[in-house]
Amino acid sequence: MNPRAPASRWNWSAVMAQAVAFALLAALLVLLFRFTSDNLHARGVHTGFDFLSKPATTPVFNSPLEFEAGDTFAKAFLAGALNTLKLTAAAILLSTVLGLLVGLGSLAQNPLAKAIAKAYVELMRNIPVLLHITFWYGLLLELPPASSDGASSLVLASNRGIFLLPTVDGLSVQGVISISPEFAALLIGISLYTAAFIAEIVRASIGALAQGQLEAASALGLSRTTTLRRVLGPQALRVGLPALASEYIGVFKNSTLAVAIGFQDFMAVSETMLTDTGQAVEIMAIVVLFYVCVSLIVSAAMHAFEERHRRWEAS
């Protein structure tokens, strides 16, 4: 074997073992589906995915895709999926920004900033995420009702939701951007909870780097901000990416708690469909497929970003 030959990028034996494992799992799932379908047919229960083309009776609100009663169940699935993805993307963005600020605060030289950051992490991560959501939902519902007095303001926060550039006409409230109380409660609750874990990832990733780099940057006259952005930040990002990917997938999974406060995400829409159609096996199969596929896509995207970042550092 040539010692100078580059190492193979793929461990083909491991790849083949995983491929066989996935194939066996897929075959087992197909068999289970067939057995369940045959048993249901024997009891006179109709199975199949024909229901997707039938009209749904329950509307889906707050979705980027306009949906009304009478549209198909397939469109209802799509509307619910977009609600879930919208919530996930917003929560990932907000929790990342807040987690970065808190994580840097925990490394600050100011004792007060460090104490506040530590208190935030300990408080937020030890409260169940469902309690976060229900607390903020109850608080938002206690806001005063919308009135024409607040129509002249830039932002209107009421028990009907949060509106940017609002116009109030009696009971009707419109805004350039409108956020329902359910979406706002989920966004705030999940973001505050996840930010505590992201802050710990930031703190641990920077703390894992050699202390000599900080001393060398200081000796060169670099400011603390420049050192963080140019020296420590890129290295800490590579260290923290795997843990960060897990947190992002966790945000996506936690979005299923939307059903607790009535927000029509993918899970809530699926439960409504199950009640309306009785197609339990088919609907649960679609639900599992959706959450597995999105989780794998997020994981693959983070892995691709990690590989690109590693190649950029090596160049």
# chains A, B, ... in the order shown; residues from 1 in each chain; ligands from 1
>>> closest_atom_pairs(of="stretch 28-65 of chain A", to="stretch 170-193 of chain A", cutoff="12 Å", atoms="only C-alpha atoms", output="Markdown table")
| residue | atom | partner | partner_atom | distance |
| --- | --- | --- | --- | --- |
| A:Phe61 | CA | A:Ser180 | CA | 9.7 |
| A:Asn62 | CA | A:Ser180 | CA | 7.6 |
| A:Ser63 | CA | A:Phe183 | CA | 10.7 |
| A:Pro64 | CA | A:Ser178 | CA | 11.9 |
>>> select_by_dssp(residues="stretch 2-232 of chain A", states="helix (DSSP H, G or I)", output="number ranges by chain")
A: 12-42, 50-53, 73-106, 111-125, 129-141, 148-152, 181-207, 211-219, 224-232
>>> closest_residue(among="A:Gly207, A:Gly70, A:Pro128, A:Gly221", to="A:Leu237", atoms="only C-alpha atoms")
A:Gly207
>>> closest_residue(among="A:Thr225, A:Gln235, A:Ser53, A:Asn126", to="A:Leu104", atoms="only C-alpha atoms")
A:Thr225
>>> residues_around(residues="stretch 32-40 of chain A", least_positions_apart="2", cutoff="12 Å", atoms="only C-alpha atoms", output="PyMOL selection string")
chain A and resi 25-30+42-49+278-282+284-285
>>> atom_distance(atom1="atom CA of A:Gly240", atom2="atom CA of A:Val202")
7.0 Å
>>> closest_residue(among="A:Ala268, A:Ala89, A:Val231, A:Leu154", to="A:Ile249", atoms="only C-alpha atoms")
A:Ala89
>>> residues_around(residues="A:Val121", least_positions_apart="5", cutoff="8 Å", atoms="only C-alpha atoms", output="PyMOL selection string")
chain A and resi 196-197+199-200
>>> select_by_dssp(residues="stretch 73-187 of chain A", states="strand (DSSP E)", output="mmCIF file with N, CA, C and O atoms, in the first residue's frame")
data_model
loop_
_atom_site.group_PDB
_atom_site.id
_atom_site.type_symbol
_atom_site.label_atom_id
_atom_site.label_comp_id
_atom_site.auth_asym_id
_atom_site.auth_seq_id
_atom_site.Cartn_x
_atom_site.Cartn_y
_atom_site.Cartn_z
ATOM 1 N N VAL A 155 -46.414 49.534 16.301
ATOM 2 C CA VAL A 155 -46.670 48.150 16.696
ATOM 3 C C VAL A 155 -47.838 48.133 17.672
ATOM 4 O O VAL A 155 -47.904 48.958 18.583
ATOM 5 N N LEU A 156 -48.741 47.204 17.463
ATOM 6 C CA LEU A 156 -49.882 47.031 18.357
ATOM 7 C C LEU A 156 -49.846 45.626 18.934
ATOM 8 O O LEU A 156 -49.862 44.637 18.192
ATOM 9 N N ALA A 157 -49.759 45.516 20.260
ATOM 10 C CA ALA A 157 -49.792 44.226 20.953
ATOM 11 C C ALA A 157 -51.110 44.135 21.709
ATOM 12 O O ALA A 157 -51.393 44.969 22.572
ATOM 13 N N SER A 158 -51.914 43.155 21.374
ATOM 14 C CA SER A 158 -53.211 42.981 22.017
ATOM 15 C C SER A 158 -53.465 41.493 22.198
ATOM 16 O O SER A 158 -52.654 40.646 21.779
ATOM 17 N N GLY A 161 -53.273 39.456 19.062
ATOM 18 C CA GLY A 161 -51.996 39.200 18.418
ATOM 19 C C GLY A 161 -51.118 40.430 18.412
ATOM 20 O O GLY A 161 -51.426 41.452 19.041
ATOM 21 N N ILE A 162 -50.019 40.352 17.684
ATOM 22 C CA ILE A 162 -49.062 41.448 17.543
ATOM 23 C C ILE A 162 -49.081 41.893 16.086
ATOM 24 O O ILE A 162 -48.928 41.070 15.168
ATOM 25 N N PHE A 163 -49.259 43.204 15.865
ATOM 26 C CA PHE A 163 -49.439 43.735 14.516
ATOM 27 C C PHE A 163 -48.445 44.862 14.272
ATOM 28 O O PHE A 163 -48.240 45.730 15.130
ATOM 29 N N LEU A 164 -47.815 44.841 13.079
ATOM 30 C CA LEU A 164 -46.916 45.900 12.655
ATOM 31 C C LEU A 164 -47.669 46.822 11.687
ATOM 32 O O LEU A 164 -48.297 46.343 10.740
ATOM 33 N N THR A 167 -54.025 48.657 11.440
ATOM 34 C CA THR A 167 -55.248 49.419 11.198
ATOM 35 C C THR A 167 -56.382 48.678 11.897
ATOM 36 O O THR A 167 -56.553 47.474 11.702
ATOM 37 N N VAL A 168 -57.133 49.416 12.719
ATOM 38 C CA VAL A 168 -58.216 48.820 13.501
ATOM 39 C C VAL A 168 -59.542 49.357 12.989
ATOM 40 O O VAL A 168 -59.743 50.574 12.906
ATOM 41 N N ASP A 169 -60.427 48.425 12.639
ATOM 42 C CA ASP A 169 -61.764 48.787 12.183
ATOM 43 C C ASP A 169 -62.772 47.953 12.960
ATOM 44 O O ASP A 169 -63.100 46.831 12.564
ATOM 45 N N SER A 172 -62.121 44.194 13.643
ATOM 46 C CA SER A 172 -61.135 43.742 12.666
ATOM 47 C C SER A 172 -59.818 44.481 12.859
ATOM 48 O O SER A 172 -59.792 45.718 12.973
ATOM 49 N N VAL A 173 -58.734 43.730 12.918
ATOM 50 C CA VAL A 173 -57.394 44.303 13.049
ATOM 51 C C VAL A 173 -56.531 43.748 11.922
ATOM 52 O O VAL A 173 -56.441 42.535 11.725
ATOM 53 N N GLN A 174 -55.897 44.633 11.170
ATOM 54 C CA GLN A 174 -55.021 44.242 10.083
ATOM 55 C C GLN A 174 -53.673 44.909 10.273
ATOM 56 O O GLN A 174 -53.571 45.991 10.867
ATOM 57 N N ILE A 177 -47.563 43.114 9.067
ATOM 58 C CA ILE A 177 -47.167 41.811 9.618
ATOM 59 C C ILE A 177 -48.047 41.554 10.831
ATOM 60 O O ILE A 177 -48.184 42.419 11.699
ATOM 61 N N SER A 178 -48.662 40.397 10.879
ATOM 62 C CA SER A 178 -49.504 40.037 12.021
ATOM 63 C C SER A 178 -49.078 38.683 12.562
ATOM 64 O O SER A 178 -48.811 37.749 11.793
ATOM 65 N N ILE A 179 -48.987 38.604 13.877
ATOM 66 C CA ILE A 179 -48.589 37.375 14.553
ATOM 67 C C ILE A 179 -49.679 37.005 15.543
ATOM 68 O O ILE A 179 -50.016 37.810 16.423
#
>>> closest_residue(among="A:Ala117, A:Ala208, A:Ile127, A:Ala76", to="A:Gly99", atoms="only C-alpha atoms")
A:Ala117
